[in-house]
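Just start23.csv here, CSV, C-alpha atoms:
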chain,number,residue,atom,x,y,z
A,30,MET,CA,72.0,24.5,18.7
A,31,SER,CA,70.1,23.1,21.7
A,32,GLN,CA,71.6,19.6,21.3
A,33,ALA,CA,75.2,21.0,21.1
A,34,SER,CA,74.4,23.3,24.1
A,35,MET,CA,76.3,26.2,22.4
A,36,PHE,CA,75.5,29.4,20.6
A,37,PRO,CA,77.1,29.4,17.1
A,38,ASP,CA,80.0,31.8,16.7
A,39,ALA,CA,78.8,32.7,13.2
A,40,ILE,CA,75.6,34.4,14.5
A,41,GLU,CA,77.2,36.2,17.4
A,42,VAL,CA,79.9,38.1,15.5
A,43,GLY,CA,78.8,41.6,14.7
A,44,ILE,CA,79.9,44.1,12.1
A,45,ILE,CA,81.0,47.4,13.6
A,46,VAL,CA,80.1,50.5,11.6
A,47,LEU,CA,81.6,53.9,12.5
A,48,PHE,CA,79.4,57.0,12.2
A,49,HIS,CA,81.1,60.3,12.0
A,50,ARG,CA,79.9,63.0,14.5
A,51,LYS,CA,78.9,66.1,12.6
A,52,GLY,CA,81.3,69.0,13.2
A,53,LYS,CA,84.1,66.8,14.7
A,54,PRO,CA,87.6,66.4,13.2
A,55,LYS,CA,87.7,63.2,11.1
A,56,SER,CA,91.3,62.5,12.2
A,57,GLU,CA,90.3,61.9,15.9
A,58,THR,CA,89.0,58.5,17.1
A,59,LYS,CA,86.5,60.1,19.5
A,60,SER,CA,84.8,61.8,16.5
A,61,TYR,CA,83.2,58.5,15.5
A,62,ARG,CA,80.3,56.6,17.1
A,63,PRO,CA,80.6,52.9,16.7
A,64,VAL,CA,77.4,50.8,16.1
A,65,SER,CA,77.6,47.0,16.1
A,66,LEU,CA,75.3,45.3,13.6
A,67,LEU,CA,74.5,41.8,14.9
A,68,PRO,CA,73.0,39.0,12.6
A,69,THR,CA,69.2,39.0,12.6
A,70,LEU,CA,69.1,35.3,13.2
A,71,GLY,CA,71.1,35.6,16.3
A,72,LYS,CA,68.8,38.3,17.7
A,73,ILE,CA,65.8,36.1,17.0
A,74,LEU,CA,67.4,33.1,18.8
A,75,GLU,CA,68.3,35.2,21.8
A,76,LYS,CA,64.7,36.5,22.0
A,77,LEU,CA,63.3,33.0,21.7
A,78,LEU,CA,65.6,31.8,24.5
A,79,LEU,CA,64.7,34.7,26.7
A,80,GLU,CA,60.9,34.1,26.2
A,81,ARG,CA,61.3,30.4,27.1
A,82,LEU,CA,63.5,31.1,30.2
A,83,ASN,CA,61.0,33.7,31.5
A,84,PHE,CA,58.1,31.3,30.9
A,85,HIS,CA,59.9,28.6,32.8
A,86,LEU,CA,60.6,30.9,35.7
A,87,ARG,CA,57.0,32.2,35.9
A,88,ALA,CA,55.4,28.8,35.4
A,89,ASN,CA,57.5,27.2,38.2
A,90,ASN,CA,57.5,30.2,40.5
A,91,LEU,CA,61.3,30.4,40.5
A,92,GLN,CA,61.7,34.1,40.5
A,93,ALA,CA,63.0,35.6,43.8
A,94,ALA,CA,60.4,37.5,45.8
A,95,ASN,CA,62.9,40.3,46.4
A,96,GLN,CA,63.8,40.8,42.8
A,97,TYR,CA,62.3,44.0,41.4
A,98,GLY,CA,64.3,44.7,38.3
A,99,PHE,CA,63.5,43.0,35.0
A,100,THR,CA,60.4,41.5,36.6
A,101,VAL,CA,56.8,41.8,35.3
A,102,ASN,CA,54.5,44.1,37.3
A,103,LYS,CA,57.3,45.2,39.7
A,104,SER,CA,59.0,48.6,39.9
A,105,SER,CA,61.4,50.7,41.8
A,106,GLU,CA,58.6,52.2,43.8
A,107,GLU,CA,57.9,48.9,45.5
A,108,THR,CA,61.6,48.5,46.2
A,109,ILE,CA,61.6,51.8,48.1
A,110,VAL,CA,58.4,51.1,50.1
A,111,ASP,CA,59.7,47.6,51.1
A,112,PHE,CA,63.1,49.2,51.9
A,113,ILE,CA,61.5,51.8,54.2
A,114,ASP,CA,59.3,49.1,55.8
A,115,GLU,CA,62.3,47.0,56.7
A,116,ILE,CA,64.0,50.0,58.3
A,117,GLU,CA,60.9,50.9,60.3
A,118,MET,CA,60.5,47.3,61.4
A,119,ALA,CA,64.1,47.2,62.7
A,120,ARG,CA,63.5,50.5,64.5
A,121,SER,CA,60.3,49.3,66.1
A,122,THR,CA,62.0,46.1,67.4
A,123,LYS,CA,65.2,48.1,68.5
A,124,GLN,CA,67.4,46.3,66.0
A,125,HIS,CA,70.1,47.6,63.7
A,126,ALA,CA,69.5,48.0,60.0
A,127,LEU,CA,72.5,47.8,57.7
A,128,VAL,CA,72.2,49.1,54.2
A,129,ILE,CA,74.9,48.3,51.5
A,130,SER,CA,74.5,50.3,48.3
A,131,LEU,CA,76.3,48.8,45.3
A,132,ASP,CA,75.1,51.4,42.8
A,133,ILE,CA,75.0,55.2,43.1
A,134,LYS,CA,71.8,55.1,40.9
A,135,VAL,CA,70.0,53.5,43.9
A,136,ILE,CA,70.3,56.8,45.7
A,137,GLU,CA,69.0,58.7,42.7
A,138,ARG,CA,65.9,56.4,42.5
A,139,ILE,CA,65.2,57.0,46.2
A,140,LEU,CA,65.3,60.7,45.6
A,141,LEU,CA,63.1,60.4,42.5
A,142,TYR,CA,60.6,57.8,43.6
A,143,GLY,CA,60.8,58.3,47.4
A,144,ALA,CA,57.4,60.0,47.6
A,145,PRO,CA,55.4,56.7,47.9
A,146,ALA,CA,57.3,55.9,51.0
A,147,TRP,CA,57.2,59.1,52.9
A,148,ALA,CA,54.3,61.1,51.5
A,149,ASN,CA,51.4,58.9,52.7
A,150,ASN,CA,51.4,60.7,56.1
A,151,ILE,CA,53.1,63.9,55.1
A,152,THR,CA,53.8,66.3,58.0
A,153,SER,CA,53.3,70.1,58.1
A,154,ARG,CA,57.0,70.5,58.3
A,155,GLN,CA,57.5,68.6,55.1
A,156,GLN,CA,54.8,70.6,53.4
A,157,ARG,CA,56.5,73.9,54.4
A,158,LEU,CA,59.8,72.6,53.1
A,159,LEU,CA,58.4,71.5,49.7
A,160,ASN,CA,56.6,74.9,49.4
A,161,TYR,CA,59.9,76.7,50.2
A,162,ILE,CA,61.7,74.7,47.5
A,163,GLN,CA,59.0,75.4,44.9
A,164,ARG,CA,58.6,79.0,45.8
A,165,LYS,CA,62.1,80.0,44.7
A,166,PHE,CA,61.5,78.6,41.2
A,167,LEU,CA,58.1,80.2,41.0
A,168,LEU,CA,59.5,83.7,41.9
A,169,ASN,CA,62.1,83.4,39.2
A,170,ILE,CA,59.6,82.2,36.6
A,171,THR,CA,56.9,84.8,37.3
A,172,GLY,CA,59.2,87.7,38.2
A,173,ALA,CA,56.6,88.5,40.9
A,174,TYR,CA,57.3,90.4,44.2
A,175,SER,CA,58.9,88.5,47.0
A,176,THR,CA,55.8,89.2,49.1
A,177,THR,CA,53.5,87.3,46.7
A,178,PRO,CA,52.0,84.3,48.5
A,179,THR,CA,53.2,80.9,47.3
A,180,ALA,CA,49.6,79.8,46.6
A,181,ALA,CA,49.0,82.8,44.3
A,182,LEU,CA,52.2,81.9,42.4
A,183,GLN,CA,51.1,78.4,41.9
A,184,VAL,CA,47.7,79.5,40.6
A,185,ILE,CA,49.2,82.0,38.2
A,186,GLU,CA,51.5,79.4,36.7
A,187,GLY,CA,49.0,76.5,36.9
A,188,ILE,CA,51.5,74.4,38.8
A,189,THR,CA,50.4,71.8,41.3
A,190,PRO,CA,51.9,72.2,44.8
A,191,LEU,CA,54.7,69.7,45.4
A,192,GLN,CA,53.1,68.2,48.5
A,193,ILE,CA,50.0,67.3,46.5
A,194,LYS,CA,52.1,65.7,43.8
A,195,ALA,CA,53.9,63.7,46.4
A,196,GLN,CA,50.6,62.6,48.0
A,197,MET,CA,49.2,61.7,44.5
A,198,GLU,CA,52.3,59.6,43.8
A,199,SER,CA,51.9,57.9,47.1
A,200,ILE,CA,48.2,57.0,46.5
A,201,LEU,CA,48.9,55.8,43.0
A,202,VAL,CA,51.7,53.4,44.1
A,203,ARG,CA,49.9,52.2,47.2
A,204,VAL,CA,46.6,51.6,45.5
A,205,GLY,CA,47.8,50.6,42.1
A,206,ARG,CA,50.8,48.4,43.0
A,207,LEU,CA,50.8,47.6,46.7
A,208,ARG,CA,47.0,46.9,46.8
A,209,SER,CA,46.3,48.8,49.9
A,210,ASP,CA,43.5,51.3,50.7
A,211,CYS,CA,44.2,55.0,51.0
A,212,ASN,CA,42.4,58.1,52.3
A,213,TRP,CA,43.1,61.6,51.1
A,214,GLU,CA,41.2,64.8,51.9
A,215,GLY,CA,38.1,62.9,53.0
A,216,SER,CA,38.1,60.7,49.9
A,217,SER,CA,38.7,56.9,50.1
A,218,PHE,CA,40.6,55.0,47.4
A,219,LEU,CA,39.9,51.3,47.7
A,220,TYR,CA,42.2,49.0,45.6
A,221,GLN,CA,39.3,46.7,44.9
A,222,ASP,CA,37.7,49.4,42.8
A,223,PHE,CA,40.7,49.4,40.4
A,224,GLN,CA,41.9,46.8,38.0
A,225,GLN,CA,45.2,45.3,39.1
A,226,PRO,CA,47.7,44.1,36.5
A,227,ASN,CA,48.3,40.4,36.3
A,228,PRO,CA,51.4,38.5,35.3
A,229,PRO,CA,51.3,37.3,31.6
A,230,LEU,CA,49.3,34.3,30.9
A,231,ILE,CA,50.9,31.0,31.8
A,232,ILE,CA,50.4,29.7,28.2
A,233,HIS,CA,53.2,28.2,26.2
A,234,ARG,CA,54.2,30.5,23.4
A,235,ALA,CA,53.9,27.7,20.9
A,236,ILE,CA,50.1,27.3,21.5
A,237,PHE,CA,49.3,31.0,21.6
A,238,ASP,CA,48.0,31.5,18.1
A,239,LEU,CA,45.9,34.7,18.6
A,240,GLU,CA,48.2,36.7,16.4
A,241,ASP,CA,46.9,34.6,13.5
A,242,ARG,CA,43.3,34.7,14.6
A,243,VAL,CA,43.0,38.5,15.1
A,244,SER,CA,42.9,40.5,11.9
A,245,ILE,CA,43.4,44.3,11.9
A,246,VAL,CA,42.9,44.6,8.1
A,247,SER,CA,39.4,45.8,7.3
A,248,ASP,CA,37.5,43.5,4.9
A,249,PRO,CA,34.9,45.3,2.7
A,250,HIS,CA,32.9,42.1,2.4
A,251,THR,CA,31.5,41.0,5.7
A,252,PRO,CA,29.9,37.6,6.1
A,253,ALA,CA,26.1,37.0,6.2
A,254,GLU,CA,26.4,35.5,9.6
A,255,ALA,CA,28.6,37.2,12.2
A,256,ILE,CA,28.7,38.9,15.6
A,257,TYR,CA,29.3,42.7,15.9
A,258,THR,CA,30.4,44.4,19.0
A,259,ASP,CA,30.8,48.0,20.1
A,260,GLY,CA,31.5,50.2,23.2
A,261,SER,CA,31.0,53.9,23.8
A,262,HIS,CA,31.1,56.7,26.2
A,263,LEU,CA,28.4,59.3,25.6
A,264,GLU,CA,27.3,62.2,27.7
A,265,GLY,CA,29.2,61.0,30.7
A,266,GLU,CA,27.9,57.4,30.5
A,267,THR,CA,29.6,54.2,29.3
A,268,GLY,CA,28.0,51.3,27.6
A,269,CYS,CA,28.8,48.2,25.5
A,270,ALA,CA,26.8,45.8,23.3
A,271,PHE,CA,26.9,43.1,20.7
A,272,CYS,CA,24.4,41.8,18.2
A,273,VAL,CA,24.2,38.6,16.1
A,274,ILE,CA,23.4,39.0,12.4
A,275,GLN,CA,22.2,36.1,10.3
A,276,ASN,CA,21.2,36.6,6.7
A,277,ASN,CA,21.0,40.4,7.3
A,278,VAL,CA,18.6,39.9,10.2
A,279,GLN,CA,19.4,40.6,13.8
A,280,ILE,CA,18.6,37.5,15.8
A,281,GLN,CA,20.3,38.2,19.2
A,282,GLN,CA,21.5,41.1,21.2
A,283,TRP,CA,23.2,41.9,24.5
A,284,THR,CA,23.7,45.3,26.2
A,285,ALA,CA,25.2,46.6,29.4
A,286,LYS,CA,25.7,49.9,31.1
A,287,LEU,CA,29.0,50.4,32.8
A,288,ASN,CA,30.1,52.9,35.4
A,289,PRO,CA,30.9,56.4,34.2
A,290,HIS,CA,34.5,56.1,35.1
A,291,ASN,CA,35.0,53.0,32.9
A,292,THR,CA,36.8,53.7,29.6
A,293,VAL,CA,35.8,53.1,26.0
A,294,PHE,CA,38.6,50.5,25.8
A,295,GLN,CA,37.1,48.6,28.7
A,296,ALA,CA,33.7,48.8,27.1
A,297,GLU,CA,34.9,47.5,23.8
A,298,THR,CA,36.8,44.6,25.5
A,299,VAL,CA,33.9,43.6,27.6
A,300,ALA,CA,31.6,43.5,24.5
A,301,ILE,CA,34.1,41.2,22.7
A,302,THR,CA,34.4,39.0,25.7
A,303,GLU,CA,30.7,38.6,26.2
A,304,ALA,CA,30.3,37.9,22.4
A,305,ILE,CA,32.9,35.1,22.6
A,306,ASN,CA,31.3,33.6,25.8
A,307,TRP,CA,27.8,33.7,24.1
A,308,ALA,CA,29.2,31.9,21.0
A,309,ASN,CA,31.0,29.3,23.2
A,310,SER,CA,27.9,28.6,25.2
A,311,LYS,CA,25.9,28.0,22.0
A,312,GLY,CA,28.7,25.9,20.5
A,313,ILE,CA,28.9,28.3,17.5
A,314,SER,CA,32.1,28.9,15.5
A,315,THR,CA,31.7,32.3,13.9
A,316,SER,CA,33.6,35.5,13.3
A,317,ILE,CA,33.4,38.6,15.6
A,318,TRP,CA,33.8,42.1,14.2
A,319,SER,CA,34.8,45.1,16.3
A,320,ASP,CA,35.7,48.7,15.3
A,321,SER,CA,38.2,49.0,18.2
A,322,GLU,CA,41.7,48.4,16.7
A,323,SER,CA,43.3,49.0,20.1
A,324,ALA,CA,41.3,46.3,21.8
A,325,LEU,CA,42.1,43.8,19.0
A,326,ARG,CA,45.8,44.5,19.1
A,327,ALA,CA,45.8,44.0,22.9
A,328,ILE,CA,44.0,40.7,22.6
A,329,SER,CA,46.6,39.5,20.0
A,330,SER,CA,49.5,40.4,22.4
A,331,TYR,CA,51.2,37.6,24.2
A,332,LYS,CA,52.5,39.8,26.9
A,333,SER,CA,49.3,41.7,28.0
A,334,SER,CA,48.9,42.1,31.8
A,335,ASN,CA,45.4,43.6,31.6
A,336,PRO,CA,43.0,41.2,33.4
A,337,LEU,CA,40.2,42.1,31.0
A,338,ILE,CA,42.3,41.3,28.0
A,339,GLN,CA,43.5,38.0,29.6
A,340,GLU,CA,39.9,37.0,30.2
A,341,THR,CA,39.2,37.6,26.6
A,342,GLN,CA,42.2,35.6,25.5
A,343,GLN,CA,41.3,32.7,27.7
A,344,ALA,CA,37.7,32.6,26.2
A,345,LEU,CA,39.1,32.9,22.7
A,346,LEU,CA,41.6,30.0,23.2
A,347,HIS,CA,38.7,27.7,24.1
A,348,ASN,CA,37.2,28.1,20.6
A,349,LEU,CA,40.0,27.3,18.1
A,350,SER,CA,37.9,28.1,15.1
A,351,MET,CA,36.7,31.6,16.1
A,352,GLN,CA,38.2,34.7,14.4
A,353,LEU,CA,38.3,38.3,15.5
A,354,ASN,CA,38.2,41.0,12.8
A,355,TRP,CA,38.5,44.8,12.6
A,356,ILE,CA,35.8,46.7,10.8
A,357,LYS,CA,35.8,50.4,9.9
A,358,ALA,CA,33.1,52.2,11.8
A,359,HIS,CA,30.2,54.3,10.5
A,360,ILE,CA,30.5,53.5,6.8
A,361,GLY,CA,27.2,51.7,6.4
A,362,PHE,CA,27.9,48.1,7.5
A,363,LEU,CA,24.6,46.7,8.8
A,364,GLY,CA,26.1,44.8,11.8
A,365,ASN,CA,28.3,47.7,12.9
A,366,GLU,CA,25.5,50.2,12.7
A,367,ALA,CA,23.2,47.9,14.6
A,368,ALA,CA,25.8,47.5,17.4
A,369,ASP,CA,26.3,51.2,17.4
A,370,ASN,CA,22.6,51.9,18.0
A,371,LEU,CA,22.5,49.3,20.7
A,372,VAL,CA,25.4,50.8,22.6
A,373,LYS,CA,23.8,54.2,22.5
A,374,GLN,CA,20.7,52.7,24.1
A,375,ALA,CA,22.9,50.9,26.6
A,376,THR,CA,24.4,54.1,27.9
A,377,LYS,CA,20.9,55.3,28.8
A,378,GLU,CA,18.9,52.2,29.8
A,379,GLY,CA,21.2,49.1,29.7
A,380,THR,CA,21.5,46.6,32.5
A,381,HIS,CA,24.1,47.8,34.9
A,382,LEU,CA,27.4,45.8,34.9
A,383,HIS,CA,29.9,46.6,37.6
A,384,LEU,CA,33.4,46.8,36.3
A,385,GLN,CA,36.5,48.0,38.2
A,386,ALA,CA,38.0,51.3,37.1
A,387,ARG,CA,41.1,51.1,34.9
A,388,ASN,CA,44.3,50.5,36.9
A,389,VAL,CA,45.6,53.7,38.4
A,390,ILE,CA,49.1,53.1,37.2
Can you turn what I pasted into structure tokens?
Amino acid sequence: MSQASMFPDAIEVGIIVLFHRKGKPKSETKSYRPVSLLPTLGKILEKLLLERLNFHLRANNLQAANQYGFTVNKSSEETIVDFIDEIEMARSTKQHALVISLDIKVIERILLYGAPAWANNITSRQQRLLNYIQRKFLLNITGAYSTTPTAALQVIEGITPLQIKAQMESILVRVGRLRSDCNWEGSSFLYQDFQQPNPPLIIHRAIFDLEDRVSIVSDPHTPAEAIYTDGSHLEGETGCAFCVIQNNVQIQQWTAKLNPHNTVFQAETVAITEAINWANSKGISTSIWSDSESALRAISSYKSSNPLIQETQQALLHNLSMQLNWIKAHIGFLGNEAADNLVKQATKEGTHLHLQARNVI
């Protein structure tokens, strides 16, 4: 196919199946919903071509900076913020700003996602307007007297005021996507304190073999020599640990205490990464066992944008003979129980390891 520079007709012709809509007359055309069934081989080839094209664009930095749709780690919120910034720049320099809208949905997105652009410095007039809009719905929902204060109605229904929602959305987008610091009600939100999503790894799909080296199927017979990892959040504290078992004897251990805001997923991932790094530094080819299925699935994913996961993938790709395995927790496996006891100690007295909070978006 690549040599002929053409897509074969035989795998792009679909079979159309008509599904009758329940309750509609069978004699009318509009009573049927057509579904086109394309050949599976054609879908696989299209997916393969798309992956290769996206890899080529990312690897050679060929994607346009102003393209937001169908682009990794970009969203319509960034479109709106950049759009508003361009208008403000034109106004400040006394220039004209011309906007051409080719799709009515652009206006809908501005109305839906506009808060990140205008709610950062929300005015008292905007707050009153948002309260006025929300108040009418609250009165209808509660059936309360028209003299009932808006704040009381919001408390009764447990509904967050619209201006607070708008400010929250603004902070989430600015800190999480635009990487800028924000202040709200005396609290500072620094983007350095949060994980920022990265583009997918610039690794060719053909050499990314982690799907085959990460097993999610629990093996009832664990090896005599292996590394076991664990992460936990207990009594408001987060910790992670790994231990090395050899001939049913623990010969090495590592523990760390994370920040309280760090998640169990982060703790599990850090423990796996540290275990891989330790094995790489010793030149050991062994298997690593974790009871976190979510972390293992993320590590085996080619498209992960989580920086912690990407760091683990890079470390694992440096040791081609290392295998990651899932183990069922708390059923008596020596290594798993040892790692569990270590992580409990880590939440109380482990060496502190600073780790950014999970990304805000």
Shell of 6 Å around stretch 325-337 of chain A, only C-alpha atoms, local chain residues under 6 positions omitted, as number ranges by chain:
A: 226-229, 239-240
Output C-alpha atoms for every residue in that selection, as an mmCIF file, in the coordinates of the input.
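After the write, selection29.cif holds the following:
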data_model
loop_
_atom_site.group_PDB
_atom_site.id
_atom_site.type_symbol
_atom_site.label_atom_id
_atom_site.label_comp_id
_atom_site.auth_asym_id
_atom_site.auth_seq_id
_atom_site.Cartn_x
_atom_site.Cartn_y
_atom_site.Cartn_z
ATOM 1 C CA PRO A 226 47.700 44.100 36.500
ATOM 2 C CA ASN A 227 48.300 40.400 36.300
ATOM 3 C CA PRO A 228 51.400 38.500 35.300
ATOM 4 C CA PRO A 229 51.300 37.300 31.600
ATOM 5 C CA LEU A 239 45.900 34.700 18.600
ATOM 6 C CA GLU A 240 48.200 36.700 16.400
#
Polymer residues at most 12 Å from A:Lys59, only C-alpha atoms, same-chain spacing of 3 or more positions, as a PyMOL selection string
chain A and resi 47-51+53-56+62-63
Counting only C-alpha atoms, which of A:Thr341, A:Ser310, A:Gln374, A:Asn150 gets nearest to A:Ser261?
A:Gln374
Using all atoms listed in the file, which of the listed residues (A:His381, A:Lys103, A:Arg87, A:His347) sits closest to A:Phe237?
A:His347
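Closest to A:Thr258 among A:Leu363, A:Ala173, A:Ile162, A:Val184 is A:Leu363, based on only C-alpha atoms.
Of the residues listed (A:Gln282, A:Thr380, A:Ser244, A:Ser216), A:Ser244 shows the shortest atom-to-atom separation from A:Ser323; distances use all atoms listed in the file.
Between atom CA of A:Tyr220 and atom CA of A:Val110 the interatomic distance comes to 16.9 Å.
Separating atom CA of A:Leu168 from atom CA of A:Leu191 is a distance of 15.2 Å.
The set of protein, DNA and RNA residues with any counted atom at most 9 Å from (24.5, 34.2, 2.7) (all atoms listed in the file) reads Pro252, Ala253, Glu254, Gln275, Asn276 and Asn277 of chain A.
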I'd like a table as JSON lines: residues in stretch 204-279 of chain A with an atom no more than 7 Å from stretch 348-356 of chain A, each row giving the shortest atom pair and its distance in Å to one decimal, only C-alpha atoms counted, sorted by chain and rising residue number.
{"residue": "A:Arg242", "atom": "CA", "partner": "A:Gln352", "partner_atom": "CA", "distance": 5.1}
{"residue": "A:Val243", "atom": "CA", "partner": "A:Leu353", "partner_atom": "CA", "distance": 4.7}
{"residue": "A:Ser244", "atom": "CA", "partner": "A:Asn354", "partner_atom": "CA", "distance": 4.8}
{"residue": "A:Ile245", "atom": "CA", "partner": "A:Trp355", "partner_atom": "CA", "distance": 5.0}
{"residue": "A:Val246", "atom": "CA", "partner": "A:Trp355", "partner_atom": "CA", "distance": 6.3}
{"residue": "A:Ser247", "atom": "CA", "partner": "A:Ile356", "partner_atom": "CA", "distance": 5.1}
{"residue": "A:Asp248", "atom": "CA", "partner": "A:Ile356", "partner_atom": "CA", "distance": 6.9}
